[in-house]
$ cat target_0.txt   # compact mmCIF, N, CA and C atoms
# COMPACT_ATOMS: atom_id res chain seq x y z
N MET V 525 17.73 158.12 331.54
CA MET V 525 17.60 157.81 332.94
C MET V 525 18.51 158.73 333.74
N GLY V 526 17.89 159.64 334.46
CA GLY V 526 18.66 160.59 335.24
C GLY V 526 18.52 160.30 336.73
N GLN V 527 18.88 161.29 337.51
CA GLN V 527 18.81 161.14 338.96
C GLN V 527 17.37 161.06 339.46
N ASP V 528 16.42 161.64 338.77
CA ASP V 528 15.03 161.65 339.20
C ASP V 528 14.38 160.28 339.05
N ASP V 529 15.03 159.36 338.34
CA ASP V 529 14.44 158.04 338.10
C ASP V 529 14.92 157.02 339.12
N GLU V 530 15.19 157.41 340.38
CA GLU V 530 15.67 156.47 341.39
C GLU V 530 14.59 155.46 341.73
N ARG V 531 15.01 154.28 342.02
CA ARG V 531 14.08 153.25 342.45
C ARG V 531 13.70 153.50 343.91
N PRO V 532 12.49 153.09 344.33
CA PRO V 532 12.06 153.30 345.71
C PRO V 532 12.96 152.63 346.73
N ASP V 533 13.55 151.48 346.42
CA ASP V 533 14.40 150.81 347.40
C ASP V 533 15.72 151.55 347.61
N ASP V 534 16.16 152.32 346.61
CA ASP V 534 17.38 153.12 346.76
C ASP V 534 17.12 154.34 347.64
N ALA V 535 15.88 154.81 347.70
CA ALA V 535 15.57 156.00 348.49
C ALA V 535 15.73 155.73 349.99
N GLY V 536 15.59 154.49 350.44
CA GLY V 536 15.72 154.16 351.85
C GLY V 536 17.14 154.27 352.36
N SER V 537 18.12 154.25 351.48
CA SER V 537 19.51 154.31 351.91
C SER V 537 20.02 155.74 352.02
N ASP V 538 19.21 156.71 351.65
CA ASP V 538 19.61 158.11 351.72
C ASP V 538 19.57 158.58 353.18
N PRO V 539 20.68 159.06 353.74
CA PRO V 539 20.67 159.50 355.16
C PRO V 539 19.77 160.70 355.42
N ARG V 540 19.57 161.53 354.40
CA ARG V 540 18.68 162.67 354.59
C ARG V 540 17.24 162.22 354.79
N LEU V 541 16.82 161.19 354.04
CA LEU V 541 15.46 160.68 354.19
C LEU V 541 15.28 159.99 355.55
N ARG V 542 16.32 159.27 355.98
CA ARG V 542 16.25 158.63 357.30
C ARG V 542 16.14 159.68 358.40
N ALA V 543 16.90 160.77 358.31
CA ALA V 543 16.85 161.83 359.31
C ALA V 543 15.48 162.50 359.30
N LEU V 544 14.92 162.70 358.10
CA LEU V 544 13.59 163.28 358.01
C LEU V 544 12.55 162.36 358.64
N GLY V 545 12.68 161.05 358.40
CA GLY V 545 11.75 160.09 359.00
C GLY V 545 11.83 160.10 360.52
N GLU V 546 13.04 160.22 361.06
CA GLU V 546 13.19 160.28 362.52
C GLU V 546 12.57 161.54 363.09
N LYS V 547 12.74 162.67 362.40
CA LYS V 547 12.14 163.92 362.87
C LYS V 547 10.63 163.85 362.83
N LEU V 548 10.08 163.24 361.78
CA LEU V 548 8.63 163.09 361.69
C LEU V 548 8.09 162.19 362.80
N ALA V 549 8.79 161.11 363.07
CA ALA V 549 8.36 160.20 364.13
C ALA V 549 8.39 160.90 365.49
N GLU V 550 9.42 161.72 365.72
CA GLU V 550 9.51 162.45 366.99
C GLU V 550 8.39 163.48 367.10
N ALA V 551 8.07 164.14 366.00
CA ALA V 551 7.00 165.14 366.02
C ALA V 551 5.64 164.48 366.25
N ARG V 552 5.44 163.28 365.77
CA ARG V 552 4.17 162.58 365.95
C ARG V 552 3.98 162.08 367.38
N ARG V 553 5.07 161.84 368.09
CA ARG V 553 4.97 161.36 369.47
C ARG V 553 4.32 162.37 370.39
N GLY V 554 4.43 163.62 370.09
CA GLY V 554 3.80 164.64 370.92
C GLY V 554 4.79 165.72 371.28
N PRO V 555 4.26 166.81 371.81
CA PRO V 555 5.13 167.92 372.17
C PRO V 555 5.98 167.56 373.39
N SER V 556 7.18 168.08 373.39
CA SER V 556 8.06 167.87 374.53
C SER V 556 7.72 168.88 375.61
N ALA V 557 8.43 168.81 376.72
CA ALA V 557 8.19 169.74 377.83
C ALA V 557 8.47 171.16 377.39
N PRO V 558 7.67 172.12 377.81
CA PRO V 558 7.91 173.51 377.41
C PRO V 558 9.22 174.02 377.97
N GLU V 559 9.83 174.96 377.25
CA GLU V 559 11.13 175.47 377.64
C GLU V 559 11.05 176.40 378.85
N GLY V 560 9.88 176.91 379.17
CA GLY V 560 9.74 177.84 380.28
C GLY V 560 9.94 177.18 381.63
N GLY V 561 9.90 175.86 381.69
CA GLY V 561 10.10 175.16 382.94
C GLY V 561 8.81 174.88 383.68
N ALA V 562 7.73 175.55 383.35
CA ALA V 562 6.46 175.32 384.01
C ALA V 562 5.84 174.05 383.45
N PRO V 563 5.29 173.21 384.31
CA PRO V 563 4.69 171.98 383.81
C PRO V 563 3.46 172.29 382.98
N GLN V 564 3.30 171.50 381.92
CA GLN V 564 2.15 171.70 381.06
C GLN V 564 0.92 171.12 381.73
N SER V 565 -0.23 171.74 381.52
CA SER V 565 -1.46 171.27 382.14
C SER V 565 -1.83 169.90 381.60
N SER V 566 -2.78 169.28 382.21
CA SER V 566 -3.16 167.92 381.85
C SER V 566 -4.06 167.92 380.63
N GLY V 567 -3.63 168.55 379.54
CA GLY V 567 -4.35 168.52 378.30
C GLY V 567 -5.50 169.52 378.20
N LEU V 568 -5.56 170.48 379.07
CA LEU V 568 -6.64 171.46 379.01
C LEU V 568 -6.29 172.56 378.04
N SER V 569 -7.30 173.06 377.35
CA SER V 569 -7.09 174.20 376.46
C SER V 569 -6.93 175.46 377.30
N GLY V 570 -6.69 176.57 376.67
CA GLY V 570 -6.52 177.83 377.39
C GLY V 570 -7.77 178.23 378.16
N ILE V 571 -8.93 178.09 377.52
CA ILE V 571 -10.18 178.46 378.19
C ILE V 571 -10.47 177.49 379.33
N GLY V 572 -10.20 176.22 379.12
CA GLY V 572 -10.41 175.23 380.17
C GLY V 572 -9.52 175.48 381.38
N GLN V 573 -8.26 175.82 381.12
CA GLN V 573 -7.34 176.14 382.21
C GLN V 573 -7.80 177.37 382.97
N ALA V 574 -8.28 178.39 382.25
CA ALA V 574 -8.76 179.61 382.90
C ALA V 574 -9.99 179.32 383.75
N MET V 575 -10.89 178.49 383.26
CA MET V 575 -12.09 178.13 384.03
C MET V 575 -11.70 177.35 385.29
N LYS V 576 -10.75 176.46 385.17
CA LYS V 576 -10.30 175.67 386.32
C LYS V 576 -9.69 176.58 387.38
N VAL V 577 -8.80 177.46 386.96
CA VAL V 577 -8.12 178.36 387.89
C VAL V 577 -9.13 179.29 388.57
N GLY V 578 -10.03 179.86 387.78
CA GLY V 578 -11.03 180.77 388.34
C GLY V 578 -11.97 180.09 389.31
N SER V 579 -12.40 178.88 388.97
CA SER V 579 -13.32 178.17 389.87
C SER V 579 -12.63 177.73 391.15
N GLU V 580 -11.36 177.38 391.08
CA GLU V 580 -10.64 177.00 392.30
C GLU V 580 -10.49 178.20 393.24
N PHE V 581 -10.23 179.37 392.68
CA PHE V 581 -10.09 180.56 393.52
C PHE V 581 -11.42 180.92 394.16
N VAL V 582 -12.49 180.97 393.37
CA VAL V 582 -13.81 181.33 393.88
C VAL V 582 -14.28 180.31 394.91
N ALA V 583 -14.01 179.03 394.67
CA ALA V 583 -14.43 177.99 395.61
C ALA V 583 -13.74 178.18 396.97
N GLY V 584 -12.45 178.52 396.96
CA GLY V 584 -11.75 178.75 398.22
C GLY V 584 -12.34 179.90 399.01
N VAL V 585 -12.67 180.98 398.33
CA VAL V 585 -13.26 182.15 399.01
C VAL V 585 -14.65 181.81 399.54
N ILE V 586 -15.46 181.12 398.74
CA ILE V 586 -16.82 180.77 399.18
C ILE V 586 -16.79 179.82 400.37
N VAL V 587 -15.94 178.83 400.33
CA VAL V 587 -15.84 177.88 401.45
C VAL V 587 -15.39 178.61 402.71
N GLY V 588 -14.44 179.51 402.59
CA GLY V 588 -14.01 180.30 403.75
C GLY V 588 -15.13 181.14 404.32
N PHE V 589 -15.91 181.76 403.44
CA PHE V 589 -17.05 182.57 403.89
C PHE V 589 -18.09 181.71 404.61
N VAL V 590 -18.42 180.56 404.05
CA VAL V 590 -19.45 179.70 404.65
C VAL V 590 -19.00 179.18 406.02
N ILE V 591 -17.75 178.77 406.13
CA ILE V 591 -17.25 178.29 407.42
C ILE V 591 -17.26 179.43 408.44
N GLY V 592 -16.80 180.60 408.05
CA GLY V 592 -16.79 181.74 408.96
C GLY V 592 -18.18 182.16 409.38
N TYR V 593 -19.11 182.19 408.46
CA TYR V 593 -20.49 182.55 408.77
C TYR V 593 -21.12 181.53 409.73
N THR V 594 -20.84 180.25 409.48
CA THR V 594 -21.39 179.20 410.36
C THR V 594 -20.82 179.32 411.76
N ILE V 595 -19.54 179.57 411.88
CA ILE V 595 -18.93 179.73 413.21
C ILE V 595 -19.51 180.95 413.92
N ASP V 596 -19.71 182.03 413.17
CA ASP V 596 -20.30 183.23 413.77
C ASP V 596 -21.71 182.94 414.29
N ARG V 597 -22.50 182.21 413.54
CA ARG V 597 -23.88 181.91 413.95
C ARG V 597 -23.89 180.96 415.16
N LEU V 598 -22.98 180.02 415.19
CA LEU V 598 -22.96 179.05 416.30
C LEU V 598 -22.46 179.67 417.60
N PHE V 599 -21.42 180.47 417.52
CA PHE V 599 -20.78 180.97 418.73
C PHE V 599 -21.06 182.45 419.01
N GLY V 600 -21.79 183.13 418.13
CA GLY V 600 -22.13 184.53 418.35
C GLY V 600 -20.94 185.47 418.29
N THR V 601 -19.99 185.18 417.44
CA THR V 601 -18.77 185.99 417.34
C THR V 601 -18.79 186.94 416.15
N THR V 602 -19.98 187.30 415.70
CA THR V 602 -20.13 188.13 414.51
C THR V 602 -19.29 189.40 414.64
N PRO V 603 -18.58 189.80 413.67
CA PRO V 603 -18.23 189.30 412.34
C PRO V 603 -16.85 188.66 412.28
N TRP V 604 -16.25 188.36 413.43
CA TRP V 604 -14.84 187.95 413.44
C TRP V 604 -14.58 186.61 412.78
N GLY V 605 -15.43 185.65 412.99
CA GLY V 605 -15.23 184.34 412.35
C GLY V 605 -15.28 184.44 410.84
N MET V 606 -16.24 185.23 410.36
CA MET V 606 -16.37 185.39 408.92
C MET V 606 -15.16 186.12 408.34
N ILE V 607 -14.67 187.13 409.03
CA ILE V 607 -13.51 187.87 408.54
C ILE V 607 -12.28 186.97 408.48
N VAL V 608 -12.05 186.23 409.56
CA VAL V 608 -10.86 185.37 409.62
C VAL V 608 -10.93 184.28 408.55
N PHE V 609 -12.07 183.59 408.46
CA PHE V 609 -12.16 182.49 407.51
C PHE V 609 -12.29 182.97 406.07
N LEU V 610 -12.79 184.16 405.85
CA LEU V 610 -12.80 184.72 404.51
C LEU V 610 -11.37 184.98 404.05
N LEU V 611 -10.54 185.50 404.95
CA LEU V 611 -9.13 185.71 404.61
C LEU V 611 -8.40 184.38 404.39
N LEU V 612 -8.72 183.38 405.22
CA LEU V 612 -8.11 182.05 405.03
C LEU V 612 -8.57 181.44 403.70
N GLY V 613 -9.84 181.63 403.34
CA GLY V 613 -10.33 181.13 402.06
C GLY V 613 -9.66 181.82 400.89
N PHE V 614 -9.42 183.12 401.03
CA PHE V 614 -8.70 183.86 399.99
C PHE V 614 -7.29 183.31 399.84
N ALA V 615 -6.63 183.06 400.96
CA ALA V 615 -5.26 182.52 400.90
C ALA V 615 -5.26 181.12 400.30
N ALA V 616 -6.24 180.29 400.67
CA ALA V 616 -6.31 178.93 400.11
C ALA V 616 -6.60 178.98 398.61
N GLY V 617 -7.48 179.88 398.19
CA GLY V 617 -7.77 180.01 396.77
C GLY V 617 -6.56 180.46 395.99
N THR V 618 -5.82 181.41 396.53
CA THR V 618 -4.61 181.89 395.87
C THR V 618 -3.57 180.77 395.77
N LEU V 619 -3.41 179.99 396.81
CA LEU V 619 -2.47 178.88 396.79
C LEU V 619 -2.89 177.83 395.76
N ASN V 620 -4.19 177.54 395.66
CA ASN V 620 -4.66 176.59 394.66
C ASN V 620 -4.39 177.09 393.24
N VAL V 621 -4.57 178.38 393.01
CA VAL V 621 -4.28 178.95 391.70
C VAL V 621 -2.79 178.82 391.39
N MET V 622 -1.95 179.10 392.37
CA MET V 622 -0.50 179.00 392.16
C MET V 622 -0.09 177.56 391.88
N ARG V 623 -0.71 176.61 392.56
CA ARG V 623 -0.41 175.19 392.29
C ARG V 623 -0.89 174.78 390.91
N ALA V 624 -2.07 175.24 390.51
CA ALA V 624 -2.62 174.86 389.21
C ALA V 624 -1.80 175.42 388.06
N THR V 625 -1.22 176.59 388.24
CA THR V 625 -0.43 177.20 387.18
C THR V 625 1.03 176.78 387.22
N GLY V 626 1.43 176.04 388.24
CA GLY V 626 2.80 175.55 388.31
C GLY V 626 3.76 176.49 389.00
N VAL V 627 3.26 177.55 389.62
CA VAL V 627 4.13 178.51 390.30
C VAL V 627 4.56 177.95 391.66
N ALA V 628 3.63 177.31 392.38
CA ALA V 628 3.93 176.74 393.68
C ALA V 628 3.97 175.22 393.57
N LYS V 629 4.79 174.61 394.38
CA LYS V 629 4.94 173.16 394.37
C LYS V 629 3.83 172.52 395.20
N ASP V 630 3.27 171.43 394.70
CA ASP V 630 2.24 170.69 395.42
C ASP V 630 2.94 169.75 396.41
N PRO V 631 2.73 169.92 397.72
CA PRO V 631 3.46 169.09 398.68
C PRO V 631 3.01 167.63 398.68
N PHE V 632 1.85 167.34 398.13
CA PHE V 632 1.34 165.98 398.14
C PHE V 632 1.54 165.26 396.81
N ALA V 633 2.26 165.88 395.90
CA ALA V 633 2.51 165.25 394.60
C ALA V 633 3.46 164.08 394.78
N ALA V 634 3.29 163.08 393.95
CA ALA V 634 4.16 161.90 394.02
C ALA V 634 5.57 162.32 393.63
N LYS V 635 6.51 161.98 394.48
CA LYS V 635 7.90 162.34 394.19
C LYS V 635 8.80 161.18 394.55
N GLY V 636 9.95 161.16 393.94
CA GLY V 636 10.86 160.05 394.11
C GLY V 636 11.92 160.27 395.17
N ASP V 637 11.88 161.38 395.90
CA ASP V 637 12.93 161.61 396.89
C ASP V 637 12.65 160.81 398.16
N LYS V 638 13.68 160.61 398.96
CA LYS V 638 13.54 159.80 400.17
C LYS V 638 13.60 160.65 401.42
N SER V 639 13.21 161.91 401.32
CA SER V 639 13.28 162.80 402.47
C SER V 639 12.17 162.52 403.47
N SER V 640 11.12 161.83 403.07
CA SER V 640 10.01 161.58 403.98
C SER V 640 10.32 160.44 404.95
N GLY V 641 11.34 159.65 404.65
CA GLY V 641 11.69 158.56 405.55
C GLY V 641 10.88 157.29 405.28
N ARG V 642 9.90 157.35 404.40
CA ARG V 642 9.08 156.22 404.07
C ARG V 642 9.37 155.78 402.65
N ALA V 643 9.36 154.48 402.45
CA ALA V 643 9.54 153.96 401.11
C ALA V 643 8.23 154.05 400.36
N PRO V 644 8.26 154.25 399.06
CA PRO V 644 7.03 154.33 398.28
C PRO V 644 6.28 153.00 398.27
N ASP V 645 4.98 153.04 398.28
CA ASP V 645 4.10 151.87 398.20
C ASP V 645 4.34 150.89 399.33
N GLY V 646 4.74 151.33 400.49
CA GLY V 646 4.88 150.48 401.65
C GLY V 646 6.07 149.54 401.62
N GLU V 647 7.01 149.74 400.70
CA GLU V 647 8.19 148.88 400.65
C GLU V 647 9.10 149.18 401.82
N LYS V 648 9.89 148.21 402.21
CA LYS V 648 10.81 148.39 403.35
C LYS V 648 12.21 148.52 402.91
$ encode --input "target_0.txt" --output "structure tokens"
Amino acid sequence: MGQDDERPDDAGSDPRLRALGEKLAEARRGPSAPEGGAPQSSGLSGIGQAMKVGSEFVAGVIVGFVIGYTIDRLFGTTPWGMIVFLLLGFAAGTLNVMRATGVAKDPFAAKGDKSSGRAPDGEK
């Protein structure tokens, strides 16, 4: 009977096994926040994130174009409305991309600071 013949109940008292069990439990809970500081996406894969970012940018430009074109047709200001709103759509699309990638802060995100002067959830 050597060291390899340990009983299973004796293995639970080994601090190395307990430390390994704690590390395994922590790894199973999920990944921690990335070290880069950028918030991790809401579970999207790389291709999904790229599709989201691309569609948000294109949508901003298209909406700007449509609004500008409509204003030009209504008020006869061709091509100035389209130029102005196309540029605004480009800016909005770029801002949406920056928010989606975590570069820019979302001003409407839920936050715990009291700078707004209002208590959360209507509390007084």
$ residues_near_point --input "target_0.txt" --point "(-5.5, 176.4, 390.0)" --cutoff "7 Å" --atoms "only N, CA and C atoms" --output "list in words"
Lys576, Val577, Gly578, Glu580, Phe581, Leu619, Asn620, Val621, Met622, Arg623, Ala624 and Thr625 of chain V
$ closest_residue --input "target_0.txt" --among "V:Asp596, V:Thr601, V:Pro631, V:Val585" --to "Gly617 in chain V" --atoms "all atoms listed in the file"
V:Val585
$ closest_residue --input "target_0.txt" --among "V:Ala543, V:Trp604, V:Ala574, V:Phe609" --to "Val590 in chain V" --atoms "only N, CA and C atoms"
V:Phe609
$ atom_distance --input "target_0.txt" --atom1 "CA of Asp630 in chain V" --atom2 "CA of Ile607 in chain V"
26.7 Å
$ atom_distance --input "target_0.txt" --atom1 "atom C of Ile591 in chain V" --atom2 "atom C of Ala616 in chain V"
14.5 Å
$ atom_distance --input "target_0.txt" --atom1 "CA of Phe589 in chain V" --atom2 "CA of Leu610 in chain V"
4.8 Å
$ closest_residue --input "target_0.txt" --among "V:Gly592, V:Thr618, V:Ser537, V:Val627" --to "Gly605 in chain V" --atoms "only N, CA and C atoms"
V:Gly592
$ closest_residue --input "target_0.txt" --among "V:Gly554, V:Gly613, V:Gly626, V:Gly545" --to "Val587 in chain V" --atoms "all atoms listed in the file"
V:Gly613
